[in-house]
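J.: What follows is the file input_35.txt, containing compact mmCIF, C-alpha atoms:
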# COMPACT_ATOMS: atom_id res chain seq x y z
CA MET Y 1 69.88 100.75 100.26
CA ASN Y 2 71.65 101.46 96.98
CA ASN Y 3 70.36 98.95 94.43
CA ASN Y 4 73.34 99.43 92.10
CA ILE Y 5 75.62 97.20 94.21
CA THR Y 6 77.62 94.68 92.18
CA VAL Y 7 80.58 94.01 94.51
CA ILE Y 8 80.29 93.15 98.21
CA ALA Y 9 83.46 93.13 100.33
CA PHE Y 10 83.76 91.49 103.73
CA ASP Y 11 86.20 92.22 106.49
CA ALA Y 12 87.54 88.91 107.86
CA ASP Y 13 88.53 89.17 111.53
CA ASP Y 14 85.48 89.44 113.81
CA THR Y 15 83.21 89.73 110.78
CA LEU Y 16 83.62 86.28 109.21
CA TRP Y 17 85.41 84.57 112.11
CA ILE Y 18 86.51 85.12 115.72
CA ASN Y 19 89.78 87.00 116.19
CA GLU Y 20 89.98 89.76 118.83
CA PRO Y 21 89.06 87.50 121.80
CA TYR Y 22 92.14 85.39 120.98
CA PHE Y 23 94.34 88.51 121.03
CA GLN Y 24 92.85 89.58 124.34
CA GLU Y 25 93.47 86.13 125.85
CA ALA Y 26 97.09 86.30 124.66
CA GLU Y 27 97.51 89.80 126.07
CA LYS Y 28 96.14 88.73 129.45
CA GLU Y 29 98.58 85.79 129.53
CA PHE Y 30 101.41 88.19 128.62
CA CYS Y 31 100.47 90.70 131.33
CA ILE Y 32 100.43 87.95 133.96
CA LEU Y 33 103.90 86.93 132.77
CA LEU Y 34 105.25 90.41 133.57
CA GLU Y 35 103.40 91.15 136.81
CA ASP Y 36 106.64 90.86 138.81
CA TYR Y 37 107.73 94.06 137.05
CA LEU Y 38 104.46 96.04 136.77
CA PRO Y 39 100.76 95.59 137.57
CA GLN Y 40 98.88 93.85 134.76
CA HIS Y 41 96.94 96.95 133.67
CA SER Y 42 100.20 98.92 133.41
CA VAL Y 43 101.79 96.21 131.28
CA SER Y 44 98.72 96.34 129.02
CA GLN Y 45 99.09 100.12 128.65
CA GLU Y 46 102.79 99.78 127.80
CA LEU Y 47 102.03 97.10 125.22
CA PHE Y 48 99.35 99.26 123.58
CA LYS Y 49 101.71 102.25 123.38
CA THR Y 50 104.35 100.05 121.78
CA GLU Y 51 101.84 98.67 119.27
CA ILE Y 52 100.71 102.14 118.21
CA ASN Y 53 104.30 103.41 117.93
CA ASN Y 54 105.17 100.47 115.67
CA LEU Y 55 102.09 100.34 113.46
CA HIS Y 56 103.86 102.19 110.66
CA LEU Y 57 106.66 99.59 110.77
CA TYR Y 58 104.83 96.32 111.38
CA GLY Y 59 101.28 96.95 110.24
CA TYR Y 60 98.52 94.80 111.72
CA GLY Y 61 98.73 91.15 112.67
CA VAL Y 62 100.15 88.52 115.00
CA LYS Y 63 103.82 88.86 114.03
CA GLY Y 64 103.81 92.59 114.74
CA PHE Y 65 102.03 91.85 118.04
CA MET Y 66 104.76 89.35 118.95
CA LEU Y 67 107.53 91.86 118.25
CA CYS Y 68 105.70 94.47 120.34
CA MET Y 69 105.37 92.03 123.23
CA ILE Y 70 109.11 91.32 123.11
CA GLU Y 71 109.90 95.05 123.01
CA THR Y 72 107.56 95.60 125.96
CA VAL Y 73 109.38 92.91 127.97
CA SER Y 74 112.61 94.83 127.42
CA LYS Y 75 111.02 98.19 128.34
CA VAL Y 76 109.18 97.01 131.43
CA SER Y 77 112.20 95.12 132.79
CA ASN Y 78 114.74 97.81 131.79
CA GLY Y 79 116.52 95.18 129.73
CA THR Y 80 116.99 92.78 132.65
CA ALA Y 81 114.38 90.12 131.77
CA PRO Y 82 115.79 86.59 131.48
CA LEU Y 83 115.79 84.84 128.11
CA SER Y 84 113.20 82.39 129.47
CA LEU Y 85 110.70 85.27 129.65
CA ILE Y 86 111.33 86.15 126.00
CA ASN Y 87 110.87 82.49 125.06
CA LYS Y 88 107.54 82.35 126.91
CA THR Y 89 106.45 85.51 125.11
CA ILE Y 90 107.29 83.95 121.74
CA GLU Y 91 105.28 80.86 122.77
CA ILE Y 92 102.23 83.07 123.38
CA GLY Y 93 102.59 84.40 119.83
CA HIS Y 94 103.02 80.93 118.35
CA GLU Y 95 99.85 79.77 120.09
CA LEU Y 96 98.01 82.77 118.65
CA LEU Y 97 99.15 81.81 115.14
CA GLN Y 98 97.66 78.35 115.56
CA LYS Y 99 94.24 79.22 116.97
CA PRO Y 100 91.27 77.42 115.37
CA VAL Y 101 89.15 79.27 112.85
CA GLU Y 102 85.64 79.61 114.26
CA LEU Y 103 83.08 81.11 111.89
CA LEU Y 104 80.57 83.58 113.26
CA ASP Y 105 76.84 82.85 113.09
CA GLY Y 106 75.19 83.10 109.69
CA VAL Y 107 78.37 83.56 107.65
CA THR Y 108 78.11 80.52 105.37
CA GLU Y 109 74.37 81.00 104.81
CA THR Y 110 74.85 84.66 103.93
CA LEU Y 111 77.62 83.95 101.42
CA GLU Y 112 75.57 81.14 99.91
CA HIS Y 113 72.66 83.54 99.31
CA LEU Y 114 74.83 86.26 97.80
CA LYS Y 115 77.32 84.35 95.66
CA GLU Y 116 75.13 84.06 92.54
CA LYS Y 117 74.12 87.73 92.40
CA TYR Y 118 77.27 89.61 93.44
CA ARG Y 119 81.04 89.48 93.16
CA LEU Y 120 82.16 88.70 96.70
CA VAL Y 121 85.52 89.92 98.00
CA VAL Y 122 87.52 89.63 101.22
CA ALA Y 123 89.12 92.96 102.19
CA THR Y 124 91.01 92.55 105.43
CA LYS Y 125 94.04 93.81 107.32
CA GLY Y 126 96.61 91.59 109.00
CA ASP Y 127 99.56 89.35 108.42
CA LEU Y 128 99.59 87.77 104.95
CA LEU Y 129 100.45 84.19 105.95
CA ASP Y 130 98.14 84.19 108.96
CA GLN Y 131 95.16 85.52 107.01
CA GLU Y 132 95.80 83.03 104.20
CA ARG Y 133 95.91 80.24 106.81
CA LYS Y 134 92.64 81.35 108.36
CA LEU Y 135 90.92 81.69 104.99
CA LYS Y 136 92.05 78.21 103.96
CA LYS Y 137 90.92 76.67 107.27
CA SER Y 138 87.60 78.55 107.14
CA GLY Y 139 86.44 76.66 104.05
CA LEU Y 140 85.09 79.92 102.62
CA GLN Y 141 87.55 80.44 99.74
CA GLU Y 142 85.16 79.13 97.09
CA TYR Y 143 82.75 82.02 97.71
CA PHE Y 144 85.19 84.81 96.90
CA HIS Y 145 86.10 86.32 93.56
CA HIS Y 146 89.11 88.11 95.06
CA ILE Y 147 91.08 88.21 98.34
CA GLU Y 148 92.77 91.47 99.35
CA ILE Y 149 95.00 91.42 102.43
CA MET Y 150 95.65 95.10 103.04
CA SER Y 151 98.45 96.78 104.96
CA ASP Y 152 95.91 99.41 106.06
CA LYS Y 153 92.34 100.44 105.35
CA LYS Y 154 92.38 104.11 104.47
CA GLU Y 155 90.58 105.83 101.62
CA SER Y 156 93.55 105.40 99.30
CA ASP Y 157 93.67 101.65 100.06
CA TYR Y 158 90.02 101.22 99.11
CA GLN Y 159 90.48 103.33 95.98
CA LYS Y 160 93.32 101.04 94.95
CA LEU Y 161 91.12 97.98 95.60
CA LEU Y 162 88.25 99.41 93.54
CA LYS Y 163 90.60 100.18 90.67
CA HIS Y 164 91.87 96.61 90.75
CA LEU Y 165 88.30 95.29 90.74
CA ASP Y 166 87.27 97.78 88.02
CA CYS Y 167 84.40 98.80 90.29
CA LYS Y 168 82.93 102.27 90.82
CA PRO Y 169 82.34 103.40 94.43
CA GLU Y 170 78.57 103.53 93.89
CA ASN Y 171 78.63 99.80 93.02
CA PHE Y 172 80.63 98.80 96.11
CA LEU Y 173 79.39 97.67 99.54
CA MET Y 174 81.70 96.95 102.49
CA LEU Y 175 80.64 94.92 105.53
CA GLY Y 176 82.70 94.92 108.71
CA ASN Y 177 82.90 95.35 112.46
CA SER Y 178 85.24 98.37 112.61
CA ILE Y 179 83.77 101.83 112.04
CA LYS Y 180 87.26 103.27 111.68
CA SER Y 181 88.62 100.74 109.17
CA ASP Y 182 85.65 99.18 107.40
CA ILE Y 183 83.04 101.92 107.32
CA LEU Y 184 84.23 105.54 107.31
CA PRO Y 185 86.88 105.26 104.54
CA VAL Y 186 84.38 103.54 102.22
CA LEU Y 187 81.67 106.12 102.88
CA GLU Y 188 84.18 108.92 102.26
CA ILE Y 189 84.97 107.67 98.76
CA GLY Y 190 81.29 107.28 97.86
CA GLY Y 191 80.74 103.61 98.56
CA SER Y 192 78.13 101.94 100.77
CA ALA Y 193 78.94 100.33 104.11
CA ALA Y 194 77.22 98.18 106.70
CA HIS Y 195 78.49 97.98 110.27
CA ILE Y 196 78.08 94.68 112.09
CA PRO Y 197 79.32 95.33 115.65
CA TYR Y 198 81.29 92.66 117.44
CA HIS Y 199 81.20 92.45 121.24
CA VAL Y 200 84.99 92.87 121.48
CA THR Y 201 86.91 95.53 119.53
CA TRP Y 202 90.57 96.52 119.77
CA VAL Y 203 90.88 99.96 121.42
CA HIS Y 204 92.63 101.40 118.35
CA GLU Y 205 89.60 100.54 116.18
CA GLN Y 206 86.93 101.97 118.48
CA HIS Y 207 84.89 104.94 117.29
CA ASP Y 208 81.90 106.65 118.87
CA LEU Y 209 80.83 109.41 116.47
CA ASN Y 210 77.39 109.41 114.90
CA ILE Y 211 77.48 108.54 111.21
CA GLU Y 212 75.13 110.43 108.95
CA TYR Y 213 75.37 108.96 105.47
CA SER Y 214 72.42 107.75 103.43
CA ASN Y 215 74.50 104.79 102.21
CA PHE Y 216 75.34 103.56 105.74
CA MET Y 217 73.57 100.78 107.64
CA GLU Y 218 73.90 99.53 111.21
CA LEU Y 219 73.11 95.81 111.42
CA GLU Y 220 72.87 93.46 114.39
CA LYS Y 221 74.31 90.43 112.58
CA LEU Y 222 75.79 89.61 109.20
CA ASN Y 223 72.81 87.88 107.65
CA ASP Y 224 70.62 90.95 108.30
CA ILE Y 225 72.17 92.33 105.08
CA LEU Y 226 69.95 89.93 103.14
CA ASP Y 227 66.92 92.02 104.11
CA TYR Y 228 68.41 95.04 102.31
CA LEU Y 229 69.67 93.49 99.07
Would you kindly transcribe this structure into structure tokens?
T.:
Amino acid sequence: MNNNITVIAFDADDTLWINEPYFQEAEKEFCILLEDYLPQHSVSQELFKTEINNLHLYGYGVKGFMLCMIETVSKVSNGTAPLSLINKTIEIGHELLQKPVELLDGVTETLEHLKEKYRLVVATKGDLLDQERKLKKSGLQEYFHHIEIMSDKKESDYQKLLKHLDCKPENFLMLGNSIKSDILPVLEIGGSAAHIPYHVTWVHEQHDLNIEYSNFMELEKLNDILDYL
């Protein structure tokens, strides 16, 4: 492991706290709602297509997901769905925005160990208000030097973050559960990255290529990083 690390960034959703299972529960509820129009798996496919088509407009997060659900209701029903169905769809989104924040194992202990030696940063995608809510409810704010809620996580987004932090790539380590968003872009710009897989990952974030970088680590859980620093 690179011993020049001075800044450690953490993804939030499914790295610090539970997120994707809540989305999957909401999607299942939504698909059941529309099963009079299409089988549940077909509704799920239509919703995913709508989400991908709208990513450039809405970005990532619950509010974009809600809009995509409403659009899917219209598509699947050919515009004939009653208003009550739209209202139930909005309710599903509202429930998602009020889910409890449940920290993953070892998060607090890991941050406690690292906070004196490194600048700790949150670098996450998602809806601004929702991520701010989750961070506040998590009780973790005190550990972080900087919070960056990003519209996307591409190389250019990380370069912008590093510039803001006045940090060189060789001094930067990113920890997260998404190979596509948290790992590959950071490795490409010369940073270090550690993948902590989560048992549930959104299809759009899945990635199955082998990664051959000397500054990449595959960990089982977050606090395993303490063995390398």
J.: I'd like the interatomic distance between atom CA of Asp166 of chain Y and atom CA of Thr6 of chain Y, to a tenth of an Å.
T.: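 Computed distance, atom CA of Asp166 of chain Y to atom CA of Thr6 of chain Y, equals 11.0 Å.
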J.: To one decimal place in Å, what is the distance between atom CA of Ile86 of chain Y and atom CA of Phe23 of chain Y?
T.: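 These two atoms are separated by 17.9 Å.
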J.: Could you check the closest approach to Glu51 of chain Y for each of Y:Leu38, Y:Leu67, Y:Val121, Y:Leu175 and tell me which residue wins, using only C-alpha atoms?
T.: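 Closest residue, counting only C-alpha atoms: Y:Leu67.
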J.: Y:Asn87, Y:Thr110, Y:Ser178, Y:Gln40: which is nearest Lys153 of chain Y, counting only C-alpha atoms?
T.: Y:Ser178
J.: Which value, in Å to one decimal, gives the distance between atom CA of Leu85 of chain Y and atom CA of Arg133 of chain Y?
T.: 27.7 Å
J.: Might you pull out every residue within 9 Å of segment 68-82 of chain Y, with only C-alpha atoms counted and same-chain residues fewer than 4 positions away left off, and present them as a PyMOL selection string?
T.: chain Y and resi 27+30+34+37-38+43+46-48+50-51+54+63-64+86+89-90+93
J.: With distances taken over all atoms listed in the file, which residue among Y:Ser138, Y:Ser84, Y:Asn171, Y:Ser214 lies nearest Glu102 of chain Y?
T.: Y:Ser138
J.: Could you check the closest approach to Trp17 of chain Y for each of Y:Pro169, Y:Pro39, Y:Gly61, Y:Gly176 and tell me which residue wins, using only C-alpha atoms?
T.: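 Of all the options, Y:Gly176 lies closest to Trp17 of chain Y.
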J.: Could you rebuild segment 43-54 of chain Y with all heavy atoms and give me the result as a PDB file, in the coordinates of the input?
T.:
ATOM      1  N   VAL Y  43     101.150  96.947 132.373  1.00  0.00           N
ATOM      2  CA  VAL Y  43     101.790  96.210 131.280  1.00  0.00           C
ATOM      3  C   VAL Y  43     100.955  96.343 130.003  1.00  0.00           C
ATOM      4  O   VAL Y  43     101.477  96.582 128.906  1.00  0.00           O
ATOM      5  CB  VAL Y  43     101.978  94.714 131.638  1.00  0.00           C
ATOM      6  CG1 VAL Y  43     102.552  93.949 130.437  1.00  0.00           C
ATOM      7  CG2 VAL Y  43     102.876  94.552 132.844  1.00  0.00           C
ATOM      8  N   SER Y  44      99.642  96.210 130.160  1.00  0.00           N
ATOM      9  CA  SER Y  44      98.720  96.340 129.020  1.00  0.00           C
ATOM     10  C   SER Y  44      98.852  97.716 128.371  1.00  0.00           C
ATOM     11  O   SER Y  44      98.878  97.834 127.133  1.00  0.00           O
ATOM     12  CB  SER Y  44      97.285  96.113 129.502  1.00  0.00           C
ATOM     13  OG  SER Y  44      96.384  96.254 128.437  1.00  0.00           O
ATOM     14  N   GLN Y  45      98.932  98.759 129.178  1.00  0.00           N
ATOM     15  CA  GLN Y  45      99.090 100.120 128.650  1.00  0.00           C
ATOM     16  C   GLN Y  45     100.407 100.276 127.895  1.00  0.00           C
ATOM     17  O   GLN Y  45     100.463 100.894 126.824  1.00  0.00           O
ATOM     18  CB  GLN Y  45      99.011 101.136 129.790  1.00  0.00           C
ATOM     19  CG  GLN Y  45      97.608 101.310 130.361  1.00  0.00           C
ATOM     20  CD  GLN Y  45      97.595 102.106 131.665  1.00  0.00           C
ATOM     21  OE1 GLN Y  45      98.647 102.461 132.205  1.00  0.00           O
ATOM     22  NE2 GLN Y  45      96.405 102.390 132.172  1.00  0.00           N
ATOM     23  N   GLU Y  46     101.479  99.709 128.457  1.00  0.00           N
ATOM     24  CA  GLU Y  46     102.790  99.780 127.800  1.00  0.00           C
ATOM     25  C   GLU Y  46     102.781  99.037 126.465  1.00  0.00           C
ATOM     26  O   GLU Y  46     103.354  99.492 125.473  1.00  0.00           O
ATOM     27  CB  GLU Y  46     103.884  99.195 128.710  1.00  0.00           C
ATOM     28  CG  GLU Y  46     104.297 100.102 129.850  1.00  0.00           C
ATOM     29  CD  GLU Y  46     104.854 101.434 129.374  1.00  0.00           C
ATOM     30  OE1 GLU Y  46     105.588 101.466 128.364  1.00  0.00           O
ATOM     31  OE2 GLU Y  46     104.533 102.460 130.010  1.00  0.00           O
ATOM     32  N   LEU Y  47     102.134  97.885 126.450  1.00  0.00           N
ATOM     33  CA  LEU Y  47     102.030  97.100 125.220  1.00  0.00           C
ATOM     34  C   LEU Y  47     101.264  97.877 124.148  1.00  0.00           C
ATOM     35  O   LEU Y  47     101.687  97.933 122.989  1.00  0.00           O
ATOM     36  CB  LEU Y  47     101.347  95.755 125.499  1.00  0.00           C
ATOM     37  CG  LEU Y  47     101.085  94.864 124.277  1.00  0.00           C
ATOM     38  CD1 LEU Y  47     102.378  94.514 123.545  1.00  0.00           C
ATOM     39  CD2 LEU Y  47     100.346  93.589 124.694  1.00  0.00           C
ATOM     40  N   PHE Y  48     100.160  98.496 124.542  1.00  0.00           N
ATOM     41  CA  PHE Y  48      99.350  99.260 123.580  1.00  0.00           C
ATOM     42  C   PHE Y  48     100.155 100.427 123.001  1.00  0.00           C
ATOM     43  O   PHE Y  48     100.141 100.669 121.793  1.00  0.00           O
ATOM     44  CB  PHE Y  48      98.067  99.769 124.252  1.00  0.00           C
ATOM     45  CG  PHE Y  48      97.181 100.547 123.317  1.00  0.00           C
ATOM     46  CD1 PHE Y  48      96.540  99.927 122.258  1.00  0.00           C
ATOM     47  CD2 PHE Y  48      97.005 101.921 123.489  1.00  0.00           C
ATOM     48  CE1 PHE Y  48      95.729 100.649 121.383  1.00  0.00           C
ATOM     49  CE2 PHE Y  48      96.210 102.644 122.629  1.00  0.00           C
ATOM     50  CZ  PHE Y  48      95.563 102.013 121.576  1.00  0.00           C
ATOM     51  N   LYS Y  49     100.878 101.136 123.859  1.00  0.00           N
ATOM     52  CA  LYS Y  49     101.710 102.250 123.380  1.00  0.00           C
ATOM     53  C   LYS Y  49     102.749 101.758 122.372  1.00  0.00           C
ATOM     54  O   LYS Y  49     102.988 102.400 121.343  1.00  0.00           O
ATOM     55  CB  LYS Y  49     102.423 102.932 124.569  1.00  0.00           C
ATOM     56  CG  LYS Y  49     101.575 103.944 125.314  1.00  0.00           C
ATOM     57  CD  LYS Y  49     102.424 104.792 126.253  1.00  0.00           C
ATOM     58  CE  LYS Y  49     102.646 104.098 127.565  1.00  0.00           C
ATOM     59  NZ  LYS Y  49     103.347 104.931 128.570  1.00  0.00           N
ATOM     60  N   THR Y  50     103.341 100.615 122.680  1.00  0.00           N
ATOM     61  CA  THR Y  50     104.350 100.050 121.780  1.00  0.00           C
ATOM     62  C   THR Y  50     103.723  99.645 120.449  1.00  0.00           C
ATOM     63  O   THR Y  50     104.309  99.892 119.381  1.00  0.00           O
ATOM     64  CB  THR Y  50     105.020  98.816 122.446  1.00  0.00           C
ATOM     65  OG1 THR Y  50     105.537  99.204 123.721  1.00  0.00           O
ATOM     66  CG2 THR Y  50     106.144  98.269 121.597  1.00  0.00           C
ATOM     67  N   GLU Y  51     102.540  99.067 120.500  1.00  0.00           N
ATOM     68  CA  GLU Y  51     101.840  98.670 119.270  1.00  0.00           C
ATOM     69  C   GLU Y  51     101.552  99.886 118.378  1.00  0.00           C
ATOM     70  O   GLU Y  51     101.781  99.856 117.164  1.00  0.00           O
ATOM     71  CB  GLU Y  51     100.524  97.975 119.613  1.00  0.00           C
ATOM     72  CG  GLU Y  51     100.680  96.567 120.148  1.00  0.00           C
ATOM     73  CD  GLU Y  51      99.331  95.945 120.457  1.00  0.00           C
ATOM     74  OE1 GLU Y  51      98.781  96.203 121.543  1.00  0.00           O
ATOM     75  OE2 GLU Y  51      98.815  95.216 119.591  1.00  0.00           O
ATOM     76  N   ILE Y  52     101.050 100.944 118.983  1.00  0.00           N
ATOM     77  CA  ILE Y  52     100.710 102.140 118.210  1.00  0.00           C
ATOM     78  C   ILE Y  52     101.968 102.780 117.623  1.00  0.00           C
ATOM     79  O   ILE Y  52     101.992 103.192 116.458  1.00  0.00           O
ATOM     80  CB  ILE Y  52      99.925 103.160 119.086  1.00  0.00           C
ATOM     81  CG1 ILE Y  52      98.604 102.554 119.554  1.00  0.00           C
ATOM     82  CG2 ILE Y  52      99.684 104.452 118.318  1.00  0.00           C
ATOM     83  CD1 ILE Y  52      97.701 102.028 118.452  1.00  0.00           C
ATOM     84  N   ASN Y  53     103.029 102.831 118.415  1.00  0.00           N
ATOM     85  CA  ASN Y  53     104.300 103.410 117.930  1.00  0.00           C
ATOM     86  C   ASN Y  53     104.872 102.628 116.749  1.00  0.00           C
ATOM     87  O   ASN Y  53     105.565 103.202 115.898  1.00  0.00           O
ATOM     88  CB  ASN Y  53     105.339 103.452 119.052  1.00  0.00           C
ATOM     89  CG  ASN Y  53     105.026 104.511 120.091  1.00  0.00           C
ATOM     90  OD1 ASN Y  53     104.279 105.450 119.830  1.00  0.00           O
ATOM     91  ND2 ASN Y  53     105.588 104.367 121.284  1.00  0.00           N
ATOM     92  N   ASN Y  54     104.579 101.325 116.705  1.00  0.00           N
ATOM     93  CA  ASN Y  54     105.170 100.470 115.670  1.00  0.00           C
ATOM     94  C   ASN Y  54     104.255 100.155 114.500  1.00  0.00           C
ATOM     95  O   ASN Y  54     104.662  99.436 113.578  1.00  0.00           O
ATOM     96  CB  ASN Y  54     105.638  99.154 116.305  1.00  0.00           C
ATOM     97  CG  ASN Y  54     106.878  99.320 117.156  1.00  0.00           C
ATOM     98  OD1 ASN Y  54     107.738 100.136 116.844  1.00  0.00           O
ATOM     99  ND2 ASN Y  54     106.970  98.563 118.231  1.00  0.00           N
TER     100      ASN Y  54
END
